[in-house]
>>> print(open('model.cif').read())   # mmCIF, C-alpha atoms
data_run
#
loop_
_atom_site.group_PDB
_atom_site.id
_atom_site.type_symbol
_atom_site.label_atom_id
_atom_site.label_comp_id
_atom_site.auth_asym_id
_atom_site.auth_seq_id
_atom_site.Cartn_x
_atom_site.Cartn_y
_atom_site.Cartn_z
ATOM 1 C CA MET A 1 67.614 -243.856 106.369
ATOM 2 C CA ARG A 2 67.110 -243.993 102.624
ATOM 3 C CA LYS A 3 65.277 -247.298 102.932
ATOM 4 C CA LYS A 4 62.874 -245.801 105.487
ATOM 5 C CA ARG A 5 62.117 -242.813 103.256
ATOM 6 C CA PHE A 6 61.684 -245.079 100.251
ATOM 7 C CA LEU A 7 59.307 -247.368 102.190
ATOM 8 C CA ALA A 8 57.413 -244.347 103.547
ATOM 9 C CA ALA A 9 57.036 -242.956 100.015
ATOM 10 C CA ILE A 10 55.727 -246.301 98.725
ATOM 11 C CA LEU A 11 53.344 -246.626 101.667
ATOM 12 C CA LEU A 12 52.103 -243.080 101.122
ATOM 13 C CA GLY A 13 51.583 -243.833 97.420
ATOM 14 C CA VAL A 14 49.586 -246.977 98.239
ATOM 15 C CA VAL A 15 47.422 -245.055 100.724
ATOM 16 C CA ILE A 16 46.754 -242.274 98.195
ATOM 17 C CA CYS A 17 45.857 -244.836 95.510
ATOM 18 C CA PHE A 18 43.510 -246.591 97.929
ATOM 19 C CA PHE A 19 41.645 -243.404 98.850
ATOM 20 C CA THR A 20 41.516 -242.208 95.245
ATOM 21 C CA SER A 21 40.044 -245.507 94.047
ATOM 22 C CA THR A 22 37.479 -245.474 96.881
ATOM 23 C CA VAL A 23 36.295 -242.010 95.859
ATOM 24 C CA THR A 24 36.101 -243.093 92.200
ATOM 25 C CA VAL A 25 34.081 -246.194 93.073
ATOM 26 C CA ALA A 26 31.711 -244.108 95.190
ATOM 27 C CA GLN A 27 31.091 -241.719 92.302
ATOM 28 C CA ASP A 28 30.502 -244.560 89.844
ATOM 29 C CA SER A 29 27.882 -246.127 92.094
ATOM 30 C CA TRP A 30 25.529 -243.139 92.189
ATOM 31 C CA THR A 31 21.875 -243.925 92.115
ATOM 32 C CA TYR A 32 19.643 -241.614 90.173
ATOM 33 C CA ASP A 33 17.042 -241.029 92.852
ATOM 34 C CA GLY A 34 15.675 -238.126 94.887
ATOM 35 C CA TYR A 35 18.919 -237.551 96.737
ATOM 36 C CA TRP A 36 20.771 -237.283 93.438
ATOM 37 C CA TRP A 37 18.043 -235.017 91.999
ATOM 38 C CA GLU A 38 18.317 -232.575 94.913
ATOM 39 C CA GLU A 39 22.051 -232.169 94.292
ATOM 40 C CA LEU A 40 21.455 -230.847 90.755
ATOM 41 C CA ASP A 41 20.941 -227.188 89.956
ATOM 42 C CA GLY A 42 17.995 -226.003 87.859
ATOM 43 C CA GLU A 43 19.815 -225.851 84.540
ATOM 44 C CA VAL A 44 21.214 -229.375 84.889
ATOM 45 C CA LYS A 45 17.733 -230.656 85.790
ATOM 46 C CA LEU A 46 16.344 -229.017 82.666
ATOM 47 C CA PHE A 47 19.013 -230.549 80.427
ATOM 48 C CA PHE A 48 18.534 -233.939 82.076
ATOM 49 C CA VAL A 49 14.773 -233.941 81.428
ATOM 50 C CA GLN A 50 15.293 -232.825 77.822
ATOM 51 C CA GLY A 51 17.853 -235.572 77.237
ATOM 52 C CA TYR A 52 15.701 -238.174 78.958
ATOM 53 C CA SER A 53 12.738 -237.188 76.794
ATOM 54 C CA ARG A 54 14.752 -237.419 73.583
ATOM 55 C CA GLY A 55 16.195 -240.750 74.662
ATOM 56 C CA LEU A 56 12.704 -242.162 75.261
ATOM 57 C CA GLU A 57 11.525 -240.871 71.910
ATOM 58 C CA TYR A 58 14.483 -242.539 70.240
ATOM 59 C CA VAL A 59 13.896 -245.852 72.005
ATOM 60 C CA TYR A 60 10.162 -246.011 71.448
ATOM 61 C CA ASN A 61 9.860 -244.384 68.034
ATOM 62 C CA GLY A 62 13.191 -244.933 66.365
ATOM 63 C CA LEU A 63 14.677 -248.054 67.797
ATOM 64 C CA TRP A 64 13.178 -251.525 67.754
ATOM 65 C CA ILE A 65 9.684 -250.845 69.165
ATOM 66 C CA GLY A 66 8.857 -248.063 66.716
ATOM 67 C CA GLU A 67 10.395 -249.902 63.787
ATOM 68 C CA THR A 68 8.637 -253.162 64.636
ATOM 69 C CA LEU A 69 5.306 -251.398 65.059
ATOM 70 C CA GLN A 70 5.721 -249.718 61.672
ATOM 71 C CA LYS A 71 6.538 -253.067 60.042
ATOM 72 C CA ILE A 72 3.456 -254.655 61.622
ATOM 73 C CA GLU A 73 1.214 -251.788 60.468
ATOM 74 C CA LYS A 74 2.621 -251.790 56.917
ATOM 75 C CA ASP A 75 2.723 -255.555 56.488
ATOM 76 C CA PRO A 76 0.331 -257.557 58.710
ATOM 77 C CA GLU A 77 1.960 -260.725 57.357
ATOM 78 C CA PHE A 78 5.111 -259.729 59.279
ATOM 79 C CA ALA A 79 3.441 -260.574 62.621
ATOM 80 C CA LYS A 80 1.565 -263.668 61.481
ATOM 81 C CA GLY A 81 2.573 -266.654 63.511
ATOM 82 C CA ASN A 82 4.037 -264.345 66.158
ATOM 83 C CA GLU A 83 1.006 -262.733 67.709
ATOM 84 C CA GLU A 84 2.788 -262.499 71.063
ATOM 85 C CA LEU A 85 5.369 -260.159 69.554
ATOM 86 C CA ASN A 86 2.599 -258.090 67.984
ATOM 87 C CA GLU A 87 0.767 -257.748 71.322
ATOM 88 C CA TYR A 88 3.963 -257.037 73.239
ATOM 89 C CA VAL A 89 5.121 -254.300 70.898
ATOM 90 C CA LYS A 90 1.720 -252.608 70.865
ATOM 91 C CA ALA A 91 1.430 -252.850 74.657
ATOM 92 C CA MET A 92 4.901 -251.342 75.131
ATOM 93 C CA TYR A 93 4.166 -248.507 72.749
ATOM 94 C CA ASP A 94 0.760 -247.813 74.340
ATOM 95 C CA TYR A 95 2.345 -247.820 77.800
ATOM 96 C CA TYR A 96 4.992 -245.375 76.635
ATOM 97 C CA ARG A 97 2.451 -243.008 75.072
ATOM 98 C CA GLU A 98 0.311 -243.058 78.194
ATOM 99 C CA HIS A 99 2.866 -243.118 81.004
ATOM 100 C CA GLU A 100 6.282 -241.973 79.846
ATOM 101 C CA ARG A 101 5.993 -239.707 76.838
ATOM 102 C CA LEU A 102 7.145 -236.234 77.782
ATOM 103 C CA VAL A 103 6.499 -234.633 74.391
ATOM 104 C CA GLY A 104 3.699 -232.088 74.572
ATOM 105 C CA LEU A 105 4.222 -231.368 78.263
ATOM 106 C CA ARG A 106 5.839 -228.196 79.527
ATOM 107 C CA LEU A 107 9.322 -228.778 80.914
ATOM 108 C CA VAL A 108 8.710 -226.315 83.748
ATOM 109 C CA GLN A 109 5.722 -228.384 84.879
ATOM 110 C CA ILE A 110 7.765 -231.563 84.729
ATOM 111 C CA LEU A 111 10.587 -230.019 86.784
ATOM 112 C CA GLU A 112 8.149 -228.661 89.368
ATOM 113 C CA GLY A 113 6.401 -232.022 89.482
ATOM 114 C CA VAL A 114 9.613 -233.950 90.100
ATOM 115 C CA ASP A 115 10.705 -231.434 92.756
ATOM 116 C CA THR A 116 7.322 -231.809 94.470
ATOM 117 C CA PHE A 117 7.453 -235.603 94.187
ATOM 118 C CA TYR A 118 10.885 -235.774 95.793
ATOM 119 C CA GLY A 119 9.810 -233.200 98.393
ATOM 120 C CA ASP A 120 8.085 -236.113 100.144
ATOM 121 C CA PHE A 121 10.797 -237.947 102.096
ATOM 122 C CA ARG A 122 9.099 -241.285 101.380
ATOM 123 C CA ASN A 123 9.880 -240.876 97.671
ATOM 124 C CA LYS A 124 13.609 -240.109 97.945
ATOM 125 C CA SER A 125 14.776 -243.649 97.090
ATOM 126 C CA ILE A 126 12.616 -243.909 93.951
ATOM 127 C CA HIS A 127 14.501 -243.854 90.643
ATOM 128 C CA ILE A 128 14.214 -240.693 88.529
ATOM 129 C CA GLY A 129 12.647 -242.624 85.623
ATOM 130 C CA SER A 130 9.819 -243.755 87.879
ATOM 131 C CA ALA A 131 9.443 -240.257 89.326
ATOM 132 C CA LEU A 132 9.098 -238.864 85.809
ATOM 133 C CA ALA A 133 6.472 -241.513 85.008
ATOM 134 C CA VAL A 134 4.467 -240.408 88.067
ATOM 135 C CA VAL A 135 4.641 -236.762 87.011
ATOM 136 C CA VAL A 136 3.609 -237.605 83.443
ATOM 137 C CA VAL A 137 0.493 -239.499 84.548
ATOM 138 C CA GLN A 138 -0.354 -236.640 86.924
ATOM 139 C CA LEU A 139 -0.042 -234.105 84.100
ATOM 140 C CA ARG A 140 -2.172 -236.333 81.868
ATOM 141 C CA ASN A 141 -4.910 -236.221 84.547
ATOM 142 C CA LYS A 142 -5.018 -239.910 85.373
ATOM 143 C CA PRO A 143 -7.269 -240.842 88.305
ATOM 144 C CA GLU A 144 -5.666 -239.955 91.633
ATOM 145 C CA GLU A 145 -6.329 -243.455 93.028
ATOM 146 C CA GLU A 146 -4.261 -245.044 90.249
ATOM 147 C CA ILE A 147 -1.432 -242.598 90.816
ATOM 148 C CA GLU A 148 -1.397 -243.204 94.578
ATOM 149 C CA GLU A 149 -1.396 -246.964 94.031
ATOM 150 C CA PHE A 150 1.534 -246.628 91.620
ATOM 151 C CA ILE A 151 3.457 -244.484 94.131
ATOM 152 C CA ARG A 152 2.807 -247.013 96.930
ATOM 153 C CA TYR A 153 4.115 -249.767 94.658
ATOM 154 C CA LEU A 154 7.265 -247.752 93.886
ATOM 155 C CA ARG A 155 7.876 -247.084 97.579
ATOM 156 C CA GLU A 156 7.539 -250.764 98.448
ATOM 157 C CA LYS A 157 9.801 -251.727 95.581
ATOM 158 C CA GLY A 158 12.254 -249.004 96.564
ATOM 159 C CA LYS A 159 12.869 -248.036 92.950
#
>>> encode(input="model.cif", output="structure tokens")
Amino acid sequence: MRKKRFLAAILLGVVICFFTSTVTVAQDSWTYDGYWWEELDGEVKLFFVQGYSRGLEYVYNGLWIGETLQKIEKDPEFAKGNEELNEYVKAMYDYYREHERLVGLRLVQILEGVDTFYGDFRNKSIHIGSALAVVVVQLRNKPEEEIEEFIRYLREKGK
């Protein structure tokens, strides 16, 4: 009788561990897309956009792209012999300023834009970073044809 209870307790423990690990794996594999966005409340969305904006600013202005661009501007000799690096860094920074920079835009507009973007069921599987890029170019009054082409590309890519 004791053996049966002991085996039942071990089996129960294994089953609980299995289900607990499955739930943990499922939570770790979240994708940050429209389905995820809809699960957030307004305050969390606001904090997410603020953090995302600061992270982009840090990457593009403070980390390697911003630092490299400053070195190139201060000392043109730095990029001599490596024109590809010079062009790449400038292109990345220009892309960021035109398509991803959230500074100067109202957070309420960004939140409404992302909500509207994900309101279209065809956009639900698109990553939040790409959704934010779409909203930024919309708020910067880019031509509608370019925006629609970008959205079609994102839908086909599924990201």
>>> residues_around(input="model.cif", residues="Asn123 of chain A", least_positions_apart="3", cutoff="10 Å", atoms="all atoms listed in the file", output="PDB file with C-alpha atoms, in the frame of the given file")
ATOM      1  CA  ASP A  33      17.042-241.029  92.852  1.00  0.00           C
ATOM      2  CA  GLY A  34      15.675-238.126  94.887  1.00  0.00           C
ATOM      3  CA  TYR A  35      18.919-237.551  96.737  1.00  0.00           C
ATOM      4  CA  THR A 116       7.322-231.809  94.470  1.00  0.00           C
ATOM      5  CA  PHE A 117       7.453-235.603  94.187  1.00  0.00           C
ATOM      6  CA  TYR A 118      10.885-235.774  95.793  1.00  0.00           C
ATOM      7  CA  GLY A 119       9.810-233.200  98.393  1.00  0.00           C
ATOM      8  CA  ASP A 120       8.085-236.113 100.144  1.00  0.00           C
ATOM      9  CA  ILE A 126      12.616-243.909  93.951  1.00  0.00           C
ATOM     10  CA  HIS A 127      14.501-243.854  90.643  1.00  0.00           C
ATOM     11  CA  ALA A 131       9.443-240.257  89.326  1.00  0.00           C
ATOM     12  CA  ILE A 151       3.457-244.484  94.131  1.00  0.00           C
ATOM     13  CA  ARG A 152       2.807-247.013  96.930  1.00  0.00           C
ATOM     14  CA  LEU A 154       7.265-247.752  93.886  1.00  0.00           C
ATOM     15  CA  ARG A 155       7.876-247.084  97.579  1.00  0.00           C
ATOM     16  CA  GLY A 158      12.254-249.004  96.564  1.00  0.00           C
ATOM     17  CA  LYS A 159      12.869-248.036  92.950  1.00  0.00           C
TER      18      LYS A 159
END
>>> atom_distance(input="model.cif", atom1="atom CA of Leu139 of chain A", atom2="atom CA of Leu40 of chain A")
22.7 Å
>>> closest_residue(input="model.cif", among="A:Thr68, A:Gln109, A:Asn82, A:Ser130", to="Lys157 of chain A", atoms="all atoms listed in the file")
A:Ser130
>>> resolve_selection(input="model.cif", expression="the PyMOL selection byres ((chain A and resi 140) around 12)", output="list in words")
Arg97, Glu98, His99, Glu100, Arg101, Leu102, Val103, Gly104, Leu105, Arg106, Gln109, Ile110, Ala133, Val134, Val135, Val136, Val137, Gln138, Leu139, Asn141, Lys142, Pro143, Glu144 and Ile147 of chain A
